[in-house]
Structures are given as C-alpha cells and as structure tokens.
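With compact mmCIF, C-alpha atoms inside, this is work-v9.txt:
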```
# COMPACT_ATOMS: atom_id res chain seq x y z
CA MET E 17 3.90 17.59 -9.39
CA LYS E 18 0.34 18.43 -10.32
CA ILE E 19 -2.54 16.03 -9.73
CA THR E 20 -5.80 16.41 -11.63
CA GLN E 21 -8.84 14.48 -10.45
CA HIS E 22 -11.87 13.19 -12.28
CA ALA E 23 -14.52 11.20 -10.46
CA THR E 24 -17.56 9.18 -11.51
CA ASP E 25 -19.88 7.14 -9.33
CA THR E 26 -17.51 4.18 -9.40
CA THR E 27 -14.13 5.47 -10.52
CA LEU E 28 -11.62 8.06 -9.41
CA THR E 29 -9.00 9.02 -11.99
CA LEU E 30 -5.86 10.82 -10.88
CA ALA E 31 -3.77 12.29 -13.69
CA LEU E 32 -0.19 12.82 -12.53
CA ASN E 33 1.78 15.60 -14.18
CA GLY E 34 5.47 16.11 -13.42
CA GLU E 35 8.03 14.30 -11.30
CA LEU E 36 7.19 12.13 -8.31
CA ASP E 37 10.12 12.20 -5.89
CA ALA E 38 10.90 12.58 -2.20
CA SER E 39 9.82 16.20 -2.40
CA SER E 40 6.52 15.82 -4.23
CA SER E 41 5.27 12.40 -3.11
CA VAL E 42 3.59 13.87 -0.01
CA LEU E 43 0.96 15.42 -2.27
CA LEU E 44 0.05 12.06 -3.79
CA ASP E 45 0.05 10.40 -0.38
CA THR E 46 -2.45 12.99 0.85
CA GLU E 47 -4.78 12.25 -2.07
CA LEU E 48 -4.59 8.46 -1.65
CA SER E 49 -5.13 8.75 2.12
CA LYS E 50 -8.54 10.40 1.87
CA PRO E 51 -11.17 8.09 3.45
CA GLU E 52 -13.68 8.57 0.64
CA ILE E 53 -11.31 6.92 -1.83
CA LEU E 54 -12.13 3.56 -0.22
CA ARG E 55 -15.78 4.00 -1.20
CA THR E 56 -14.98 3.95 -4.92
CA GLN E 57 -14.54 0.78 -6.94
CA LYS E 58 -11.52 1.75 -8.97
CA VAL E 59 -8.66 4.22 -8.75
CA LEU E 60 -7.10 4.87 -12.14
CA ILE E 61 -3.68 6.52 -12.28
CA ASP E 62 -3.08 8.31 -15.58
CA CYS E 63 0.72 8.37 -16.00
CA GLN E 64 0.94 10.00 -19.42
CA GLN E 65 2.49 13.18 -18.02
CA LEU E 66 4.42 11.43 -15.24
CA ASN E 67 8.01 11.99 -16.31
CA TYR E 68 9.84 10.53 -13.33
CA ILE E 69 9.26 8.37 -10.27
CA SER E 70 11.66 7.59 -7.44
CA SER E 71 11.37 5.16 -4.53
CA ALA E 72 9.44 7.78 -2.57
CA GLY E 73 6.71 7.77 -5.21
CA LEU E 74 6.71 3.99 -5.48
CA GLY E 75 6.52 3.83 -1.68
CA VAL E 76 3.29 5.79 -1.68
CA PHE E 77 1.63 3.24 -3.96
CA ILE E 78 3.14 0.30 -2.06
CA SER E 79 1.89 1.67 1.25
CA HIS E 80 -1.73 2.00 0.05
CA LEU E 81 -2.00 -1.18 -2.05
CA GLN E 82 -3.03 -3.55 0.74
CA THR E 83 -5.60 -1.09 2.12
CA PHE E 84 -7.12 -0.76 -1.35
CA GLN E 85 -7.18 -4.52 -1.84
CA ASP E 86 -8.82 -5.04 1.57
CA ALA E 87 -11.51 -2.51 0.57
CA ASN E 88 -11.97 -4.12 -2.89
CA VAL E 89 -10.70 -0.98 -4.60
CA LYS E 90 -8.79 -1.71 -7.80
CA LEU E 91 -5.65 0.36 -8.40
CA VAL E 92 -4.84 0.55 -12.11
CA PHE E 93 -2.05 2.45 -13.89
CA PHE E 94 -2.28 3.40 -17.54
CA ASN E 95 -0.51 5.51 -20.19
CA MET E 96 2.82 4.85 -18.50
CA GLN E 97 6.00 6.04 -20.24
CA GLU E 98 8.55 3.31 -20.91
CA LYS E 99 11.19 4.84 -18.61
CA VAL E 100 8.70 5.03 -15.74
CA ARG E 101 7.40 1.50 -16.31
CA ASN E 102 11.03 0.33 -16.28
CA VAL E 103 11.37 1.58 -12.68
CA PHE E 104 8.37 -0.55 -11.64
CA GLU E 105 9.92 -3.50 -13.49
CA ILE E 106 13.31 -3.15 -11.78
CA LEU E 107 11.60 -3.93 -8.47
CA GLY E 108 9.11 -6.42 -9.89
CA LEU E 109 6.22 -4.14 -8.97
CA ASP E 110 4.68 -4.71 -12.39
CA SER E 111 3.71 -8.17 -11.14
CA LEU E 112 2.18 -6.83 -7.92
CA MET E 113 0.31 -3.90 -9.45
CA THR E 114 -1.97 -3.62 -12.48
CA ILE E 115 -0.37 -1.65 -15.31
CA VAL E 116 -2.19 -1.48 -18.65
CA PRO E 117 -1.44 0.42 -21.86
CA SER E 118 -4.46 2.67 -22.27
CA GLU E 119 -7.41 4.29 -20.52
CA ALA E 120 -9.74 1.94 -22.37
CA ASP E 121 -7.80 -1.05 -21.00
CA ALA E 122 -7.94 0.48 -17.52
CA ALA E 123 -11.70 0.91 -17.77
CA ALA E 124 -12.05 -2.74 -18.73
CA VAL E 125 -10.15 -4.06 -15.69
CA MET H 22 35.92 14.67 -17.97
CA GLU H 23 34.51 15.40 -14.52
CA GLN H 24 31.69 17.72 -13.65
CA ALA H 25 30.56 18.65 -10.17
CA ILE H 26 27.79 20.42 -8.34
CA ARG H 27 27.30 21.43 -4.70
CA ILE H 28 23.83 21.57 -3.16
CA SER H 29 22.44 22.38 0.26
CA CYS H 30 20.55 19.63 2.08
CA ASN H 31 17.04 20.53 1.05
CA ARG H 32 14.96 17.92 -0.76
CA ARG H 33 13.89 20.54 -3.30
CA ASN H 34 17.47 20.26 -4.59
CA LEU H 35 16.85 16.68 -5.72
CA LYS H 36 15.50 18.16 -8.95
CA VAL H 37 18.68 20.25 -9.31
CA VAL H 38 20.82 17.12 -9.05
CA ARG H 39 18.64 15.18 -11.48
CA ASP H 40 18.90 17.97 -14.04
CA PHE H 41 22.68 18.15 -13.53
CA VAL H 42 23.14 14.40 -14.07
CA GLY H 43 20.69 14.41 -16.97
CA GLU H 44 22.53 17.20 -18.75
CA TYR H 45 25.83 15.37 -18.32
CA LEU H 46 24.42 12.13 -19.70
CA ALA H 47 22.59 13.82 -22.57
CA GLY H 48 25.73 13.81 -24.67
CA GLN H 49 26.61 10.17 -24.03
CA GLN H 50 24.31 8.54 -26.59
CA LEU H 51 22.42 6.47 -24.04
CA SER H 52 18.81 5.33 -24.23
CA GLU H 53 16.15 7.29 -22.38
CA VAL H 54 15.53 4.30 -20.10
CA LEU H 55 19.20 3.97 -19.19
CA VAL H 56 19.63 7.69 -18.59
CA ASN H 57 16.60 7.58 -16.30
CA GLN H 58 18.05 4.62 -14.39
CA LEU H 59 21.35 6.41 -13.75
CA ILE H 60 19.58 9.61 -12.70
CA LEU H 61 17.38 7.55 -10.38
CA ALA H 62 20.34 5.82 -8.71
CA VAL H 63 22.02 9.16 -7.95
CA ASP H 64 18.70 10.67 -6.82
CA GLU H 65 18.13 7.87 -4.32
CA VAL H 66 21.56 8.20 -2.73
CA VAL H 67 21.34 12.00 -2.61
CA ALA H 68 17.86 11.77 -1.02
CA ASN H 69 19.24 9.45 1.67
CA PHE H 70 22.08 11.85 2.43
CA ILE H 71 19.72 14.84 2.59
CA ILE H 72 16.95 13.23 4.62
CA HIS H 73 18.63 10.57 6.77
CA ALA H 74 22.24 11.75 7.16
CA ASN H 75 21.59 15.48 7.43
CA ALA H 76 17.96 15.67 8.61
CA GLU H 77 17.32 18.24 5.84
CA ASN H 78 19.58 20.79 7.51
CA GLU H 79 20.04 23.41 4.78
CA LYS H 80 23.27 24.58 6.37
CA GLN H 81 24.83 21.28 5.35
CA PHE H 82 25.83 20.52 1.79
CA LEU H 83 26.59 17.66 -0.59
CA ASP H 84 29.04 17.50 -3.47
CA VAL H 85 28.01 15.43 -6.48
CA ARG H 86 30.62 14.52 -9.09
CA VAL H 87 30.15 12.71 -12.38
CA THR H 88 32.84 11.08 -14.50
CA VAL H 89 33.01 8.75 -17.47
CA LEU H 90 36.10 6.82 -18.45
CA ASN H 91 36.18 4.02 -21.03
CA ARG H 92 32.39 3.69 -20.85
CA GLU H 93 32.48 3.35 -17.06
CA PHE H 94 30.15 5.93 -15.55
CA GLY H 95 31.07 7.01 -12.05
CA PHE H 96 28.98 9.07 -9.66
CA GLU H 97 30.39 10.33 -6.39
CA ILE H 98 28.23 11.82 -3.65
CA GLU H 99 30.20 13.33 -0.76
CA ASP H 100 28.55 14.41 2.46
CA GLY H 101 29.87 17.80 3.58
CA ASN H 102 28.79 17.01 7.11
CA SER H 103 31.51 15.69 9.42
CA SER H 104 29.33 12.94 10.86
CA THR H 105 29.75 9.54 9.27
CA TYR H 106 26.79 7.95 7.58
CA SER H 107 26.36 4.55 6.04
CA PRO H 108 23.16 2.68 5.27
CA GLY H 109 24.77 -0.46 6.69
CA SER H 110 24.89 -3.87 5.11
CA TYR H 111 22.40 -4.22 2.31
CA GLN H 112 19.74 -6.90 2.27
CA GLU H 113 17.13 -7.30 -0.46
CA PRO H 114 13.75 -6.45 1.07
CA ASP H 115 10.66 -8.61 0.65
CA LEU H 116 8.33 -6.41 -1.39
CA ARG H 117 5.26 -8.58 -0.74
CA GLU H 118 5.83 -8.02 2.99
CA PHE H 119 6.18 -4.28 2.36
CA VAL H 120 2.79 -4.34 0.62
CA ARG H 121 1.22 -6.42 3.39
CA VAL H 122 2.27 -4.03 6.16
CA GLY H 123 1.89 -0.85 4.07
CA LYS H 124 5.54 0.14 4.34
CA LYS H 125 6.27 3.45 2.67
CA GLY H 126 10.06 3.47 2.50
CA GLY H 127 12.92 1.07 2.09
CA VAL H 128 13.14 0.35 -1.64
CA GLY H 129 15.53 3.16 -2.62
CA MET H 130 18.76 1.25 -2.11
CA MET H 131 17.12 -1.81 -3.71
CA LEU H 132 16.79 0.27 -6.88
CA VAL H 133 20.35 1.58 -6.60
CA ASN H 134 21.84 -1.88 -6.11
CA ARG H 135 19.86 -3.35 -8.99
CA ILE H 136 20.77 -0.53 -11.38
CA MET H 137 24.46 -0.04 -10.64
CA ASP H 138 27.35 -2.51 -11.04
CA ARG H 139 29.05 -1.34 -7.82
CA VAL H 140 27.89 0.68 -4.82
CA GLU H 141 30.63 1.65 -2.36
CA TYR H 142 30.52 3.68 0.83
CA SER H 143 33.76 4.93 2.35
CA THR H 144 34.95 7.55 4.81
CA VAL H 145 37.59 10.07 3.80
CA GLY H 146 38.68 12.17 6.75
CA GLU H 147 35.40 13.00 8.44
CA HIS H 148 33.28 12.81 5.30
CA THR H 149 31.26 9.92 3.96
CA ILE H 150 31.43 9.29 0.23
CA CYS H 151 29.16 7.04 -1.80
CA ARG H 152 30.51 5.94 -5.18
CA LEU H 153 28.32 4.39 -7.84
CA TYR H 154 29.70 2.72 -10.96
CA LYS H 155 28.19 1.30 -14.11
CA THR H 156 30.04 0.07 -17.17
CA LEU H 157 28.22 0.13 -20.47
CA THR H 158 29.37 -1.94 -23.43
```
Go ahead and express the file in the form of structure tokens.
Amino acid sequence: MKITQHATDTTLTLALNGELDASSSVLLDTELSKPEILRTQKVLIDCQQLNYISSAGLGVFISHLQTFQDANVKLVFFNMQEKVRNVFEILGLDSLMTIVPSEADAAAV
Amino acid sequence: MEQAIRISCNRRNLKVVRDFVGEYLAGQQLSEVLVNQLILAVDEVVANFIIHANAENEKQFLDVRVTVLNREFGFEIEDGNSSTYSPGSYQEPDLREFVRVGKKGGVGMMLVNRIMDRVEYSTVGEHTICRLYKTLT
C-alpha cells in the first residue's frame, strides 16, 4: 500500500495505491490519526488505484468517521472500483459514508 | 479438483493466500466482483486465524484448500496449531454503534457471513477447521 498526499488550504487528498488489508491498514490509520487532519475541511480519498479492501481497511475508516464528523471534517471517497465499492455495499457502509464517482463530484460535496 | 497451500502465521502471507485463491478462481468464469468477494471471505478467516488464534506466531501454520464441485465453491482453512479456536456464536453487529464509538474491528465475520452460503467451524483431532461454501447458479 502506497499513500500519496496532496493538500490545499481546505482539503487533504489521499490517493491510495495497492491493497488495504490487515497488514497494510496500519499505514492508513497513522495518516488519518494525525491531529492536523482535523483542521482541514475535507478529506478526499482517491480510490482509483485501490485494488482491494478487507475489514481491516474498512475498520480504519469506521473508527475515524465519528471524530471527523464531530470536527466538521467531510470524508469523501471517489474513483472507487466496482469490486471495492461492492465491499462497502455488502456492509451498508455506502449509506453511512459519502462515495461519489469522480474527483469533480468530491470537490462539490 | 482441489488445490492447497500452506502458510506460516504472518499477516504478510494474507497476500499469498489472496493470490492463491485468485489464481484458482481465474479459470472459473466468474465476475470480478464475485471473485473479489470469495477472496475477501477467505482473507478474513485466514486473518482471524493468524492474528487471533495464533497471535502471529510464525512457527505456526495454516493449510488453505480450495475445491469446486457442481458449481459449489468450497474453501477450507485448517489451523495447524493444536489449540482450538472458534469465533463463537455469530451476531450481526450494529455498524452505526461501531461508528459512534470508533470501533476499529469486528466487521470481518459480518462480511464472511453475508458473502458465503454456509460458514462452519469444526474440530478434527486437535485442529480447528473453518469451511466456507458458496453455490453459484
């Protein structure tokens, strides 16, 4: 798993590249746990190169969602492959999290 | 036709198991979404055995076997450790509560149970075996 960051004054974009499983999810958790992330308005997760996600990866997002909401930080996923989106849908997470088709849609949220 | 692989209990081997299952399923004319679901179900059970049953002790090992018969796909994960392990009775978790309290784990078996038709744990001798089944029409 490789995570590439791009930050503006209001938005932090994390581009995920690879497979997010019980072995690699610690890296993502470290990024989402940084205190400064709560000072941004929006965290965009670019999933175009995310080829796989297991419960460990989902758990990282679940565990940070409430903290983000309490801090008025929007968490938005975009460019998600169908097989990855399906994993969110199996659990109904697509109704608890914001998943949009494109980066332009994510910017408009 | 059955294929099998043995791995040591290191979470880096999750990728090895996923590739093994993926290669087996590649010739079965299944959709990418379905293949991913089956890989995910096996991955979740193997991760539980590695992390919870064996505490990531690399001296321990797991055997993973894959079969298909009359469109029923079977996956068998056998713990090489002699201690018995079972996740206990399964109850659907409340995801909204997980979000509220910031819970990091606990949805793996939810995925497995929603993907597979049958999930069975049994003990053979001193070894725990998890069997997963899914029939595709």
Chain H near chain E within 9 Å: what's each residue's closest atom pair and its distance in Å to one decimal, counting all atoms listed in the file, ordered by chain then ascending residue number, as a tab-separated table?
```
residue	atom	partner	partner_atom	distance
H:Arg32	CA	E:Ser39	CA	5.7
H:Arg33	CA	E:Ser39	CA	6.0
H:Asn34	CA	E:Ser39	CA	8.9
H:Leu35	CA	E:Ser39	CA	7.8
H:Lys36	CA	E:Asp37	CA	8.6
H:Glu53	CA	E:Lys99	CA	6.7
H:Val54	CA	E:Lys99	CA	4.6
H:Leu55	CA	E:Lys99	CA	8.1
H:Val56	CA	E:Lys99	CA	8.9
H:Asn57	CA	E:Lys99	CA	6.5
H:Gln58	CA	E:Val103	CA	7.5
H:Leu61	CA	E:Ser70	CA	6.4
H:Ala62	CA	E:Ser70	CA	8.9
H:Asp64	CA	E:Ser70	CA	7.7
H:Glu65	CA	E:Ser70	CA	7.2
H:Ala68	CA	E:Ala38	CA	7.1
H:Leu116	CA	E:Leu107	CA	8.2
H:Arg117	CA	E:Leu112	CA	8.0
H:Phe119	CA	E:Ile78	CA	7.1
H:Val120	CA	E:Ile78	CA	5.4
H:Arg121	CA	E:Gln82	CA	5.8
H:Val122	CA	E:Ser79	CA	7.5
H:Gly123	CA	E:Ser79	CA	3.8
H:Lys124	CA	E:Ser79	CA	5.0
H:Lys125	CA	E:Gly75	CA	4.4
H:Gly126	CA	E:Gly75	CA	5.5
H:Gly127	CA	E:Gly75	CA	7.9
H:Val128	CA	E:Ser71	CA	5.9
H:Gly129	CA	E:Ser71	CA	5.0
H:Met130	CA	E:Ser71	CA	8.7
H:Met131	CA	E:Leu107	CA	7.6
H:Leu132	CA	E:Leu107	CA	6.9
H:Arg135	CA	E:Ile106	CA	7.1
H:Ile136	CA	E:Ile106	CA	7.9
```
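Between CA of Gln21 (chain E) and CA of Ile60 (chain H) the separation is 28.9 Å.
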As number ranges by chain, please: the residues near region 72-86 of chain H (cut-off 8 Å, only C-alpha atoms, same-chain neighbours under 2 positions excluded).
H: 23-32, 38, 67-70, 88, 96-102, 106
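Computed from the coordinates, the CA of Val140 (chain H) to CA of Ala47 (chain H) distance equals 22.7 Å.
Here the residues that fall within 12 Å of (-10.9, 5.1, -0.5), using all atoms listed in the file, are given as Thr26, Thr27, Leu28, Thr46, Glu47, Leu48, Ser49, Lys50, Pro51, Glu52, Ile53, Leu54, Arg55, Thr56, Gln57, Lys58, Val59, His80, Leu81, Gln82, Thr83, Phe84, Gln85, Asp86, Ala87, Asn88, Val89, Lys90 and Leu91 of chain E.
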Point-to-point distance from CA of Val63 (chain H) to CA of Gly95 (chain H), Å rounded to tenths:
10.2 Å
